[in-house]
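Chemist: Pasting a structure here, questions to come.
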Amino acid sequence: MLSCLSGDQYVPLSTLIIDNCSLPVVNIVSSQSKIQEGGNLTFECYVTGRPTPSVRWQTEELYSKFVNWSSTSELVLHLTNVSSRDNLHNLTCEAENQAGLGEDMVQLDIEFPVKILFFRDAVKHHNWCFPFAVDGNPEPTISWLYNSQEPKKSKFMYIQFMPDSGDGSVKHGCLNLNKPTHINNGNYTLIVQNKLGRDEATAFGLFMENPFGTFDPEGKIVVPTNKTGTVVKENQESHVFVVSVAVGLALFACTFLLIMVLIINKCGQHSKFGLHRSSVLNTEDDLAVSLRFMNFGISPPSSEEDSGLSSFVENPQYFCGIIKEKDMCVQHIKRQDIVLKWELGEGAFGKVYLAECANLSCDSDRMLVAIKTLKDANESTRQDFQREAELLTVLQHQHIVRFYGVCTDGELLAMVFEYMRHGDLNRFLRAHGPDAHILEESKLPALGPLTLPQMLHIAAQIASGMVYLASLHFVHRDLATRNCLVGEHLVVKIGDFGMSRDIYSTDYYRVGGRTMLPIRWMPPESIMYRKFTTDSDIWSFGVVLWEIFTYGKQPWYQLSNSEAIECITQGRELERPRTCPNEVYVLMQGCWQREPQQRMVIKDIHSSLLTMVKNPPVYLDILG
């Protein structure tokens, strides 16, 4: 509150009427509001008030050169060679007398040519980002060139500006690219301009190596076009005729292809790799380490110094069974039919890409697939790849991830699988559990918390796939939710792309320096004697049930690996999850019998789960 000294004390001005005493009134007048950098500006500060106020300009933070002079009623400030740095400050004139303080201020508006403060090579955060900062007044317009040409507008390429950082006209931002591939590698040029000037800078983006080689052109799906540009006229009859012919040709082509496939499958003398069928299917030792590319036989993540192939433990319990009677040729997919979209992840054997693939079936022009590449292929790994492809062709089931074929054009070896949109089941469970917000998994397509019928439906599908594998006498050896995939409409299938090495490294325990084992999912005989059978898979399936009903928690998560081994070998069981009905926990306990021959049969487990899917058990959370 303003006051004046009256006698020996200060008295509020609002209570006094004082002759010849008034607050200063300040008014700044300028000849012009805008000027270009380097020009001159003059400001006049007019002041009234009684007694006569003292007047001053606040010039402490000015970067521009200045002089000032005064008279009885005004104070003049003359700026020369004005600097754009003064746009950050308000120019203030202050006046003060015994009655108090008065002031006025103006915002400097100094125009200057645009300039790029920095533009850096692409870095990866959530998306790929080219960070930049630009400055200019008036505000500059921004445009881009990609490899010296104007890029096509796309939702996958956009500019994002950062919040105002308080440094005046400077703008910080990112050129964002959402999931770019090797076809987006190259030079990106930032161009900025305003009425006073123009500036540009170039940065480089290396998003992904071309997995098919440096000189390999990106595969393109050819779409026929009318090159002549002429308008094609047709009447209704000719339209019907053309459609009829097209349908007839399509049916003929599909029938022909089906007959050829049957003939080829029956011939079975040589695969498309030049590998004799009998040399593959009659060698039990080779089959013992089969399907490693899909992480079926056993999928421990290898150590960094290991190629990933030598760390697998051979399975003496594996034998051919029905597989010997199968005789299927591996489908070869042309490189030109594959268009890579972006990288999905990296596993022990190579990278996995989302791609679009043409000519996989007669009823679809193109479809999304997962392309799994093999890195550092030597002669030994190429032979493994060949065996793997032929054996994967045999595994055909609605709850086993579908294998379409291979692409061996050029040096790279690649396998083509169906694309499961929602990724691995473990992450999916966590995303639909009570702790999704803590784990930051809520970005996945949300179904809300999984219900009891949905959990039972997931478990029944996995059991169905295991029934099929058991019918082939095939031992999985690494059954876990991380090795199951989730597609549309809650379809769940067994089989992953070998990417669990980095993501789920804590699920594996290093044994003997190189071999990594998923001990938390293994029964006592597998831990102590390395004995893997279809009965050991039953034990693992019980742990999978426990994972489902805990929304993806790690078994024995409160214990170290050595403590978990001790609990399993001493006969302790995982506790019943809170969300698990007693009927389901009884199934788990049936899987965890210490004697392998006393464990439940997978067919009976599957049958019980199907019954519960149709009539879910009444469940009361008595633990809550």
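Just so we're on the same page: first chain in the structure tokens is A, next is B, and so on; residues restart at 1 for each chain, and ligands are numbered from 1 in the order they show up.
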Which polymer residues have any atom within 10 Å of an atom of stretch 446-457 of chain A, counting only C-alpha atoms, with same-chain residues fewer than 4 positions away left out, as a ChimeraX atom specification?
Modeler: /A:428-434,436,441-442,461-463,490-492,545,548-549,551,579-581,584,609-619
Chemist: Mind dumping the selected residues with N, CA, C and O atoms as a short mmCIF file (atom, residue, chain, number, x, y, z; two decimals), in the first residue's frame?
Modeler:
```cif
data_model
loop_
_atom_site.label_atom_id
_atom_site.label_comp_id
_atom_site.auth_asym_id
_atom_site.auth_seq_id
_atom_site.Cartn_x
_atom_site.Cartn_y
_atom_site.Cartn_z
N PHE A 428 1.16 -59.29 -23.68
CA PHE A 428 -0.27 -59.07 -23.83
C PHE A 428 -0.98 -59.24 -22.48
O PHE A 428 -1.87 -58.45 -22.14
N LEU A 429 -0.60 -60.26 -21.72
CA LEU A 429 -1.20 -60.47 -20.40
C LEU A 429 -0.91 -59.29 -19.48
O LEU A 429 -1.81 -58.81 -18.76
N ARG A 430 0.33 -58.82 -19.47
CA ARG A 430 0.68 -57.70 -18.61
C ARG A 430 -0.08 -56.43 -19.00
O ARG A 430 -0.43 -55.62 -18.16
N ALA A 431 -0.32 -56.28 -20.32
CA ALA A 431 -1.04 -55.10 -20.80
C ALA A 431 -2.51 -55.11 -20.40
O ALA A 431 -3.16 -54.08 -20.42
N HIS A 432 -3.02 -56.29 -20.05
CA HIS A 432 -4.43 -56.40 -19.66
C HIS A 432 -4.57 -56.89 -18.23
O HIS A 432 -5.54 -57.56 -17.88
N GLY A 433 -3.58 -56.55 -17.42
CA GLY A 433 -3.61 -56.90 -16.01
C GLY A 433 -3.73 -55.66 -15.14
O GLY A 433 -3.74 -54.52 -15.63
N PRO A 434 -3.79 -55.85 -13.84
CA PRO A 434 -3.98 -54.71 -12.91
C PRO A 434 -2.79 -53.76 -12.84
O PRO A 434 -2.94 -52.63 -12.40
N ALA A 436 -0.88 -52.76 -15.49
CA ALA A 436 -0.52 -52.29 -16.83
C ALA A 436 0.00 -50.86 -16.81
O ALA A 436 0.95 -50.51 -17.51
N GLU A 441 2.54 -50.74 -20.29
CA GLU A 441 2.16 -51.63 -21.38
C GLU A 441 0.80 -51.26 -21.96
O GLU A 441 0.28 -51.94 -22.83
N SER A 442 0.19 -50.19 -21.45
CA SER A 442 -1.17 -49.87 -21.83
C SER A 442 -1.29 -49.34 -23.25
O SER A 442 -2.37 -49.10 -23.74
N GLN A 461 -6.48 -72.82 -26.21
CA GLN A 461 -5.83 -72.75 -27.52
C GLN A 461 -4.39 -73.26 -27.45
O GLN A 461 -3.93 -73.97 -28.35
N ILE A 462 -3.68 -72.88 -26.40
CA ILE A 462 -2.30 -73.37 -26.24
C ILE A 462 -2.31 -74.88 -26.05
O ILE A 462 -1.48 -75.61 -26.62
N ALA A 463 -3.25 -75.36 -25.25
CA ALA A 463 -3.36 -76.81 -25.04
C ALA A 463 -3.65 -77.53 -26.35
O ALA A 463 -3.11 -78.62 -26.60
N LEU A 490 -8.30 -62.39 -30.22
CA LEU A 490 -7.78 -63.21 -29.13
C LEU A 490 -7.39 -64.62 -29.59
O LEU A 490 -7.52 -65.60 -28.86
N VAL A 491 -6.90 -64.72 -30.82
CA VAL A 491 -6.36 -65.99 -31.32
C VAL A 491 -4.92 -66.13 -30.81
O VAL A 491 -4.10 -65.23 -30.98
N VAL A 492 -4.62 -67.25 -30.18
CA VAL A 492 -3.30 -67.48 -29.60
C VAL A 492 -2.68 -68.71 -30.26
O VAL A 492 -3.34 -69.73 -30.46
N LEU A 545 -0.25 -71.98 -17.43
CA LEU A 545 -1.55 -71.69 -16.81
C LEU A 545 -1.38 -70.70 -15.67
O LEU A 545 -2.16 -69.74 -15.54
N ILE A 548 -0.85 -67.22 -17.02
CA ILE A 548 -2.08 -66.63 -17.55
C ILE A 548 -2.91 -66.03 -16.43
O ILE A 548 -3.41 -64.90 -16.53
N PHE A 549 -3.04 -66.77 -15.32
CA PHE A 549 -3.91 -66.32 -14.23
C PHE A 549 -3.22 -65.37 -13.27
O PHE A 549 -3.84 -64.90 -12.32
N TYR A 551 -1.58 -62.75 -14.86
CA TYR A 551 -1.37 -61.68 -15.83
C TYR A 551 0.11 -61.51 -16.19
O TYR A 551 0.61 -60.39 -16.30
N THR A 579 -6.78 -64.83 -8.90
CA THR A 579 -7.85 -64.83 -9.91
C THR A 579 -8.14 -66.22 -10.46
O THR A 579 -8.86 -66.36 -11.44
N CYS A 580 -7.56 -67.24 -9.84
CA CYS A 580 -7.65 -68.60 -10.39
C CYS A 580 -8.67 -69.45 -9.65
O CYS A 580 -8.54 -69.66 -8.44
N PRO A 581 -9.70 -69.97 -10.35
CA PRO A 581 -10.64 -70.90 -9.72
C PRO A 581 -9.92 -72.18 -9.28
O PRO A 581 -8.91 -72.56 -9.86
N VAL A 584 -9.13 -74.82 -11.98
CA VAL A 584 -7.96 -74.58 -12.82
C VAL A 584 -6.68 -74.92 -12.04
O VAL A 584 -5.73 -75.48 -12.58
N LEU A 609 -10.26 -78.00 -20.18
CA LEU A 609 -10.31 -76.56 -20.43
C LEU A 609 -11.47 -76.20 -21.36
O LEU A 609 -12.14 -75.18 -21.16
N LEU A 610 -11.71 -77.02 -22.38
CA LEU A 610 -12.84 -76.77 -23.28
C LEU A 610 -14.16 -76.81 -22.51
O LEU A 610 -15.07 -75.99 -22.75
N THR A 611 -14.28 -77.75 -21.58
CA THR A 611 -15.50 -77.84 -20.76
C THR A 611 -15.67 -76.58 -19.92
O THR A 611 -16.78 -76.03 -19.81
N MET A 612 -14.56 -76.09 -19.35
CA MET A 612 -14.64 -74.88 -18.53
C MET A 612 -14.90 -73.63 -19.37
O MET A 612 -15.50 -72.67 -18.89
N VAL A 613 -14.43 -73.63 -20.62
CA VAL A 613 -14.73 -72.50 -21.50
C VAL A 613 -16.24 -72.40 -21.73
O VAL A 613 -16.83 -71.31 -21.72
N LYS A 614 -16.87 -73.55 -21.93
CA LYS A 614 -18.31 -73.56 -22.18
C LYS A 614 -19.09 -73.25 -20.90
O LYS A 614 -20.12 -72.57 -20.95
N ASN A 615 -18.62 -73.74 -19.77
CA ASN A 615 -19.29 -73.51 -18.48
C ASN A 615 -18.24 -73.06 -17.46
O ASN A 615 -17.74 -73.88 -16.68
N PRO A 616 -17.90 -71.76 -17.47
CA PRO A 616 -16.86 -71.28 -16.55
C PRO A 616 -17.24 -71.56 -15.10
O PRO A 616 -18.40 -71.39 -14.71
N PRO A 617 -16.27 -71.99 -14.31
CA PRO A 617 -16.56 -72.28 -12.90
C PRO A 617 -16.90 -71.00 -12.15
O PRO A 617 -16.41 -69.91 -12.48
N VAL A 618 -17.78 -71.14 -11.16
CA VAL A 618 -18.11 -70.00 -10.30
C VAL A 618 -16.91 -69.73 -9.41
O VAL A 618 -16.38 -70.64 -8.76
N TYR A 619 -16.48 -68.47 -9.39
CA TYR A 619 -15.25 -68.16 -8.68
C TYR A 619 -15.50 -67.05 -7.66
O TYR A 619 -16.06 -66.01 -7.98
#
```
Chemist: Using only C-alpha atoms, which protein or nucleic acid residues come within 10 Å of A:Glu525? Drop anything in the same chain fewer than 4 positions from it, and give the result as a ChimeraX atom specification.
Modeler: /A:529-533,536,569,594-596
Chemist: Got a sec: who's within 10 Å of A:Gly405, counting only C-alpha atoms, leaving out chain neighbours fewer than 5 positions off, as a compact mmCIF listing (two decimals) with N, CA, C and O atoms, in the first residue's frame?
Modeler:
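Dumped everything to result.txt:
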```txt
# COMPACT_ATOMS: atom_id res chain seq x y z
N CYS A 329 7.12 -80.21 -49.78
CA CYS A 329 8.17 -79.37 -50.32
C CYS A 329 8.02 -77.96 -49.79
O CYS A 329 6.92 -77.45 -49.62
N VAL A 330 9.15 -77.31 -49.52
CA VAL A 330 9.14 -75.96 -48.99
C VAL A 330 8.80 -74.97 -50.10
O VAL A 330 9.37 -75.02 -51.19
N GLN A 331 7.89 -74.05 -49.81
CA GLN A 331 7.53 -73.04 -50.79
C GLN A 331 8.62 -71.97 -50.85
O GLN A 331 9.09 -71.50 -49.81
N HIS A 332 9.02 -71.61 -52.05
CA HIS A 332 10.00 -70.54 -52.22
C HIS A 332 9.28 -69.26 -52.60
O HIS A 332 8.46 -69.23 -53.51
N ILE A 333 9.57 -68.18 -51.87
CA ILE A 333 8.91 -66.89 -52.08
C ILE A 333 9.90 -65.95 -52.74
O ILE A 333 11.03 -65.77 -52.27
N LEU A 360 0.90 -65.28 -51.98
CA LEU A 360 0.98 -66.38 -51.03
C LEU A 360 -0.22 -67.31 -51.15
O LEU A 360 -0.14 -68.48 -50.79
N ILE A 371 8.91 -61.48 -41.51
CA ILE A 371 10.08 -62.01 -42.20
C ILE A 371 11.21 -62.18 -41.20
O ILE A 371 11.65 -61.21 -40.58
N ALA A 389 13.43 -75.35 -42.41
CA ALA A 389 12.35 -74.98 -43.32
C ALA A 389 11.50 -76.18 -43.68
O ALA A 389 10.26 -76.10 -43.74
N GLU A 390 12.13 -77.32 -43.94
CA GLU A 390 11.35 -78.50 -44.31
C GLU A 390 10.51 -79.00 -43.14
O GLU A 390 9.37 -79.43 -43.32
N LEU A 392 9.44 -77.15 -40.55
CA LEU A 392 8.38 -76.18 -40.27
C LEU A 392 7.22 -76.35 -41.24
O LEU A 392 6.07 -76.10 -40.88
N THR A 393 7.52 -76.76 -42.46
CA THR A 393 6.46 -76.98 -43.45
C THR A 393 5.53 -78.11 -42.99
O THR A 393 4.34 -78.10 -43.28
N ALA A 414 15.92 -66.10 -45.45
CA ALA A 414 14.80 -65.55 -44.69
C ALA A 414 13.64 -66.53 -44.68
O ALA A 414 13.39 -67.23 -45.67
N MET A 415 12.95 -66.57 -43.55
CA MET A 415 11.75 -67.37 -43.41
C MET A 415 10.54 -66.44 -43.31
O MET A 415 10.63 -65.36 -42.71
N VAL A 416 9.42 -66.88 -43.84
CA VAL A 416 8.21 -66.07 -43.88
C VAL A 416 7.14 -66.74 -43.03
O VAL A 416 6.76 -67.88 -43.30
N PHE A 417 6.68 -66.02 -41.99
CA PHE A 417 5.65 -66.52 -41.09
C PHE A 417 4.44 -65.60 -41.12
O PHE A 417 4.54 -64.44 -41.52
```
Chemist: Measuring atom to atom with only C-alpha atoms, identify which of A:Pro518, A:Leu190, A:Lys65, A:Cys362 is nearest to A:Glu150.
Modeler: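 Checking each of A:Pro518, A:Leu190, A:Lys65, A:Cys362 against A:Glu150, counting only C-alpha atoms, the winner is A:Leu190.
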Chemist: Tell me which protein, DNA and RNA residues are within 8 Å of A:Gln398, counting only C-alpha atoms, leaving out same-chain ones fewer than 3 positions away, and put them as a ChimeraX atom specification.
Modeler: /A:401-402,465,493
Chemist: For a quick check of understanding, using only C-alpha atoms, which of A:Asp376, A:Glu37, A:Glu343, A:Glu573 has the smallest distance to A:Tyr63?
Modeler: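 For A:Tyr63, the nearest of the given residues is A:Glu37.
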Chemist: Could you tell me how far atom CA of A:Leu425 lies from atom CA of A:Ala480, in Å and to one decimal?
Modeler: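 Interatomic distance, atom CA of A:Leu425 to atom CA of A:Ala480: 8.8 Å.
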Chemist: Write out as a list in words each polymer residue whose atoms come within 9 Å of A:Glu356, counting only C-alpha atoms; drop sequence neighbours fewer than 5 positions from it.
Modeler: Ile221, Asp337, Ile338, Val339, Leu340, Lys341, Arg366, Met367, Leu368, Val369 and Ala370 of chain A
Chemist: Report as a PyMOL selection string: the residues of stretch 380-533 of chain A with a DSSP assignment of alpha helix (DSSP H), based on the backbone of this structure.
Modeler: chain A and resi 380-394+425-431+436-439+452-471+500-503+524-529
